[in-house]
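Worksheet: one structure, shown below.
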Amino acid sequence: MTTKLERLIDQGVGRVPADIVLKGGRFFDLVTGELVLSDIAIGADRIVGTSGNYDGETEIDISGRIVVPGFIDTHLHIESSLVTPHEFDRCVLPYGVTTAICDPHEIANVLGTAGIEFFLESALETIMDIRVQLSSCVPATHLETSGADLPIERLLPYRHHPKVIGLAEFMNFPGVIHKDPVCMAKLDAFQGSHIDGHAPLLSGNDLNGYLSAGIRTEHECTTAAEALEKIRKGMHILVREGSVSKDLAALMPIITERLSPYLALCTDDRNPLDIAEQGHLDHMIRTAIASGVEPLAIYRAASISAARAFGLRDRGLVAPGWRADLVVLDSLENCRADMVFSAGRRVTDALFSSRRPVAPIGLDSVKARPANAAHFGVPVAEGETPVIGVLPGKIITEHRRYRLPVRGNETTVDLANDIIKVAVIERHGKNGNHANGFVQGFGLKKGAIASTVGHDSHNICVVGVSEDDMACAANRLGEIKGGFVVVEDGKVTGEIALPIAGLMSLEPYETVRDILHHLRKAALALGATLEEPFLQLAFLPLPVIPHLKISDRGMVDVDKFALIG
């Protein structure tokens with residue numbers, strides 16, 4: 001009886017028909033940069049033949065089109081797409097993303113190991129290959145209240161799971177440099193495995209010390225100079241373009257044929273509305289080529305270079321013996337997926353229907369105490385007030401200082417300078433913390449916006465002009481069990497419920513996409529000027545990204561890694 005392996009060899013030699021043959025097209029050879037006219041023969045989950053003529057049990061005419069390896073998103077948090085892994089699979093795979101390397105630390109910060117197990121169970125069912133990095137920083141820092149704590153002992157049981165690659169983004173770079181015992185325990189346990197990095201603006205000897213811990217990849221570079229230093233010091237740079245963090249334009253100078261072996265692409269979160277309007281990694285590829293990047297460089301970064309960076313040695317080329325993750329395009333420049341294959345299976349609606357559903361979890365995770373307008377007051381202080389300065393398209397924020405108007409015994413908003421209030425409310429039912437501050441750059445002239453998506457601890461974050469509207473928005477989040485809310489003059493004008501850990505919807509991605517479109521309109525009606533105000537809001541309480549942030553414990557000077565006042 002012929003074994004599976006023997007049959008694959010016979011198909012490659014041509015003794016027996018391949019399962020599927022793509023005929024009449026060309027494939028992009030990422031070794032030489034040539035477009036090669038050739039049949040592509042597929043047997044089971046892998047490519048068995050190229051550069052020849054093949055017969056297949058199923059033959060598909062792709063004349064005039066080009067085949068490239070499936071794209072690999074090397075860093076993202078599926079939770080931040082606001083849909084479940086199953087819906088993310090259905091949303092993104094048709095765009096050619098056949099592998100996604102995720103860090104479930106958003107849900108892990110809320111639900112702990114139960115969140116990681118939810119993702120691992122889901123990854124075993126999805127059509128695309130979802131790989132998981134074990135969340136290294138839960139909680140991310142001591143400067144905020146998280147819903148869970150994952151020391152090394154709770155991570156090790158998952159280390160050898162078939163979907164696990166290694167240790168996820170190590171955000172606590174001060175903890176590495178200063179040899180924090182908790183950090184050291186995690187890093188020591190994963191020596192020899194892949195350890196993902198997260199060190200914005202780190203350079204010089206501090207960067208050397210950080211890399212000496214065995215950290216190999218990095219997605220936080222925001223300038224070409226920063227990326228080059230890290231490449232020279234052995235890092236593989238993940239060029240990021242998401243719904244909020246947009247670094248592609250700044251990093252295009254390094255996307256060259258010479259440097260492409262040390263580059264990969266990632267989104268670090270893109271919501272369904274942006275995917276529908278622009279695309280996913282295909283959008284990055286189109287944009288780069290239109291800006292003058294060589295197709296060979298960007299397609300390498302999207303596939304083979306990404307695979308090698310994370311030890312996925314079976315994918316990234318159109319070649320015999322490699323995993324049959326393939327995208328059939330109209331052209332390299334347009335990068336529009338006409339057809340997608342995942343592990344040799346043509347992607348169709350019927351294929352998605354074959355998956356086993358995974359039960360949702362964390363449907364009662366929003367336990368914040370009710371708020372009222374008085375909770376959002378900021379007492380008058382001497383001198384200038386620290387203000388978080390939002391930079392559109394960046395999660396880095398500036399530490400600005402202003403003399404703000406005073407009303408009675410309280411400091412208040414300054415709409416002439418686009419300065420409004422921001423608050424973070426602990427929502428895990430642990431201590432009831434509530435911290436207030438000011439932020440500049442949202443453009444709001446009235447109302448409030450609130451969210452339970454607040455990286456990384458996912459407490460409630462609210463920005464607003466009116467304290468009454470801020471309270472209304474925060475309280476509404478408890479009623480819908482998490483999500484985004486827009487309030488104007490005491491009335492909810494837009495909302496989306498995200499009841500799975502306060503992070504993900506129970507609805508199909510198409511429904512989420514349509515609701516986000518309405519939410520964007522509601523935010524614009526308040527005067528919002530940011531392209532993505534909701535996800536920008538989610539990064540205000542992220543105290544591992546310079547320079548000024550806010551947590552449930554107060555304003556955070558990230559450069560000093562300390563609370564202010």
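In the structure tokens, chains take the letters A, B, ... in the order shown, each chain's residues start at 1, and ligands count up from 1 in the order shown.
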Please list as a PyMOL selection string every residue within 8 Å of Pro151 in chain A, counting only C-alpha atoms and excluding residues in the same chain fewer than 6 positions away. chain A and resi 138+182+186
Counting only C-alpha atoms, what is within 6 Å of Val463 in chain A, bar same-chain residues fewer than 6 positions away, as a ChimeraX atom specification? /A:421-422,448-449
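Counting only C-alpha atoms, range 246-252 of chain A has the following residues at most 8 Å away, ignoring those fewer than 4 positions along the same chain: Cys221, Thr222, Thr223, Ala224, Ala227, Val239, Arg240, Glu241, Gly242, Met284, Ala288, Val293, Gly393 and Lys394 of chain A.
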9 Å contact set for Val556 in chain A, only C-alpha atoms, chain neighbours under 5 positions out, as a PyMOL selection string: chain A and resi 143+541+543+547-551+561-564
Shortest interatomic distance to Ala276 in chain A - which of A:Val83, A:Val31, A:Ala359, A:Val92, counting only C-alpha atoms: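 Result for the nearest residue to Ala276 in chain A: A:Val92.
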Find the residues near Gly432 in chain A: any atom within 9 Å, counting only C-alpha atoms, skip ones fewer than 5 places away on the same chain, and give them as a PDB file with N, CA and C atoms, in the first residue's frame.
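Output (part36.pdb):
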ATOM      1  N   ALA A 368     -16.464  46.954  36.523  1.00  0.00           N
ATOM      2  CA  ALA A 368     -16.152  48.290  37.032  1.00  0.00           C
ATOM      3  C   ALA A 368     -17.295  48.830  37.884  1.00  0.00           C
ATOM      4  N   ARG A 369     -16.927  49.650  38.870  1.00  0.00           N
ATOM      5  CA  ARG A 369     -17.938  50.300  39.695  1.00  0.00           C
ATOM      6  C   ARG A 369     -18.608  51.419  38.899  1.00  0.00           C
ATOM      7  N   ILE A 425     -10.411  53.597  34.203  1.00  0.00           N
ATOM      8  CA  ILE A 425     -11.176  53.034  35.318  1.00  0.00           C
ATOM      9  C   ILE A 425     -10.899  51.537  35.382  1.00  0.00           C
ATOM     10  N   GLU A 426     -10.433  51.063  36.526  1.00  0.00           N
ATOM     11  CA  GLU A 426     -10.161  49.635  36.697  1.00  0.00           C
ATOM     12  C   GLU A 426     -11.461  48.848  36.528  1.00  0.00           C
ATOM     13  N   ARG A 427     -11.421  47.803  35.707  1.00  0.00           N
ATOM     14  CA  ARG A 427     -12.658  47.092  35.380  1.00  0.00           C
ATOM     15  C   ARG A 427     -12.630  45.600  35.697  1.00  0.00           C
ATOM     16  N   ASP A 552      -4.794  53.069  35.354  1.00  0.00           N
ATOM     17  CA  ASP A 552      -5.781  53.229  36.424  1.00  0.00           C
ATOM     18  C   ASP A 552      -5.129  53.759  37.707  1.00  0.00           C
TER      19      ASP A 552
END
Assign secondary structure with DSSP using the backbone only, and return the residues of range 133-377 of chain A in strand (DSSP E or B) as a PyMOL selection string. chain A and resi 133-134+164-170+194-197+217-218+236-241+246+263-266+323+326-329+337-342+345-346
Non-local contacts of range 17-30 of chain A (10 Å; only C-alpha atoms; under 5 positions in same chain excluded) as a PyMOL selection string: chain A and resi 7-8+10-12+35-45+47-51+53-69+295-297+299-300+303-305+316-319+326-329+332+344-346
I want to know what sits within 9 Å of range 258-275 of chain A, based on only C-alpha atoms, with residues of the same chain fewer than 6 positions away left out; could you give that as a VMD selection string? chain A and resid 71 to 83 88 91 to 92 100 102 219 231 234 to 246 281 283 to 284 296 to 309 509 to 510 512 to 517 535
Å distance separating CA of Gly437 in chain A from CA of Thr145 in chain A, one decimal place: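 According to the coordinates, CA of Gly437 in chain A and CA of Thr145 in chain A are separated by 17.2 Å.
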Expressed in Å to a single decimal, how great is the separation between CA of Glu382 in chain A and CA of Leu540 in chain A?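 Computed distance, CA of Glu382 in chain A to CA of Leu540 in chain A, equals 24.3 Å.
Among the candidates A:Pro200, A:Gly383, A:Gly447, A:Pro357, the one nearest to Pro546 in chain A when counting only C-alpha atoms is A:Pro200.
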With distances taken over only C-alpha atoms, which residue among A:Val358, A:Val406, A:Ala423, A:Cys183 lies nearest Ser451 in chain A?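 Nearest to Ser451 in chain A: A:Ala423.
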Name the closest residue to Val176 in chain A among the candidates A:Ser136, A:Thr99, A:Ser466, A:Asn417; distances are taken between atoms, counting only C-alpha atoms.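 When distances to Val176 in chain A are compared using only C-alpha atoms, the smallest one comes from A:Ser136.
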Can you check which residues of range 6-246 of chain A DSSP gives as alpha helix (DSSP H) on the backbone and send them as a short mmCIF file (atom, residue, chain, number, x, y, z; two decimals) with C-alpha atoms, in the first residue's frame?
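Wrote out_23.cif, looks like this:
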data_model
loop_
_atom_site.label_atom_id
_atom_site.label_comp_id
_atom_site.auth_asym_id
_atom_site.auth_seq_id
_atom_site.Cartn_x
_atom_site.Cartn_y
_atom_site.Cartn_z
CA GLU A 6 5.46 7.78 -1.45
CA ARG A 7 2.43 9.21 -3.23
CA LEU A 8 3.86 12.74 -2.94
CA ILE A 9 7.12 11.53 -4.53
CA ASP A 10 5.22 9.80 -7.32
CA GLN A 11 3.24 12.97 -7.97
CA GLY A 12 6.42 15.06 -8.08
CA VAL A 13 8.07 12.66 -10.54
CA PRO A 85 -10.01 33.79 15.65
CA HIS A 86 -12.59 31.96 13.51
CA GLU A 87 -13.93 35.24 12.11
CA PHE A 88 -10.42 36.63 11.67
CA ASP A 89 -9.62 33.51 9.64
CA ARG A 90 -12.65 34.06 7.41
CA CYS A 91 -11.94 37.79 7.07
CA VAL A 92 -8.21 37.78 6.34
CA HIS A 105 -1.78 38.84 25.59
CA GLU A 106 -4.84 41.08 25.30
CA ILE A 107 -7.20 38.29 26.36
CA ALA A 108 -4.50 36.85 28.65
CA ASN A 109 -4.34 40.14 30.56
CA VAL A 110 -8.06 39.83 31.18
CA LEU A 111 -8.58 36.07 31.62
CA THR A 113 -4.39 31.07 30.88
CA ALA A 114 -8.04 30.56 29.94
CA GLY A 115 -7.51 33.18 27.23
CA ILE A 116 -4.40 31.44 25.91
CA GLU A 117 -6.25 28.11 25.85
CA PHE A 118 -9.12 29.69 23.91
CA PHE A 119 -6.66 30.79 21.23
CA LEU A 120 -4.82 27.48 21.10
CA GLU A 121 -8.10 25.60 20.72
CA SER A 122 -9.21 28.00 18.00
CA ALA A 123 -5.87 27.74 16.17
CA ILE A 152 6.69 31.43 34.07
CA GLU A 153 5.15 28.44 35.85
CA ARG A 154 1.81 29.12 34.15
CA LEU A 155 3.35 29.44 30.68
CA PHE A 173 12.68 46.19 28.39
CA PRO A 174 13.63 48.10 31.57
CA GLY A 175 13.01 44.84 33.44
CA VAL A 176 15.41 43.05 31.10
CA ILE A 177 18.12 45.68 31.34
CA PRO A 181 13.82 38.40 38.64
CA VAL A 182 10.41 37.77 37.05
CA CYS A 183 11.74 38.80 33.64
CA MET A 184 14.87 36.72 34.10
CA ALA A 185 12.85 33.60 34.93
CA LYS A 186 10.86 33.86 31.71
CA LEU A 187 13.85 34.65 29.51
CA ASP A 188 15.93 31.88 31.04
CA ALA A 189 13.19 29.30 30.46
CA GLY A 204 23.31 51.78 22.26
CA ASN A 205 24.51 49.62 25.11
CA ASP A 206 21.01 49.26 26.53
CA LEU A 207 19.96 47.67 23.24
CA ASN A 208 23.01 45.41 23.40
CA GLY A 209 22.03 44.21 26.85
CA TYR A 210 18.45 43.62 25.74
CA LEU A 211 19.58 41.56 22.74
CA ALA A 224 14.98 53.84 9.30
CA ALA A 225 17.92 54.74 11.53
CA GLU A 226 16.45 52.81 14.48
CA ALA A 227 15.75 49.81 12.24
CA LEU A 228 19.26 49.80 10.76
CA GLU A 229 20.92 49.78 14.18
CA LYS A 230 18.79 46.84 15.21
CA ILE A 231 19.42 44.95 11.95
CA ARG A 232 23.17 45.47 12.34
#
For each of A:Asp364, A:Glu218, A:Leu5, A:Val439, take the minimum atom-to-atom distance to Arg401 in chain A, counting only C-alpha atoms, then give the residue where this is smallest.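 Closest to Arg401 in chain A, using only C-alpha atoms: A:Val439.
Across A:Val486, A:Met470, A:Leu93, A:Ala350, the tightest approach to Lys521 in chain A is made by A:Val486 when counting only C-alpha atoms.
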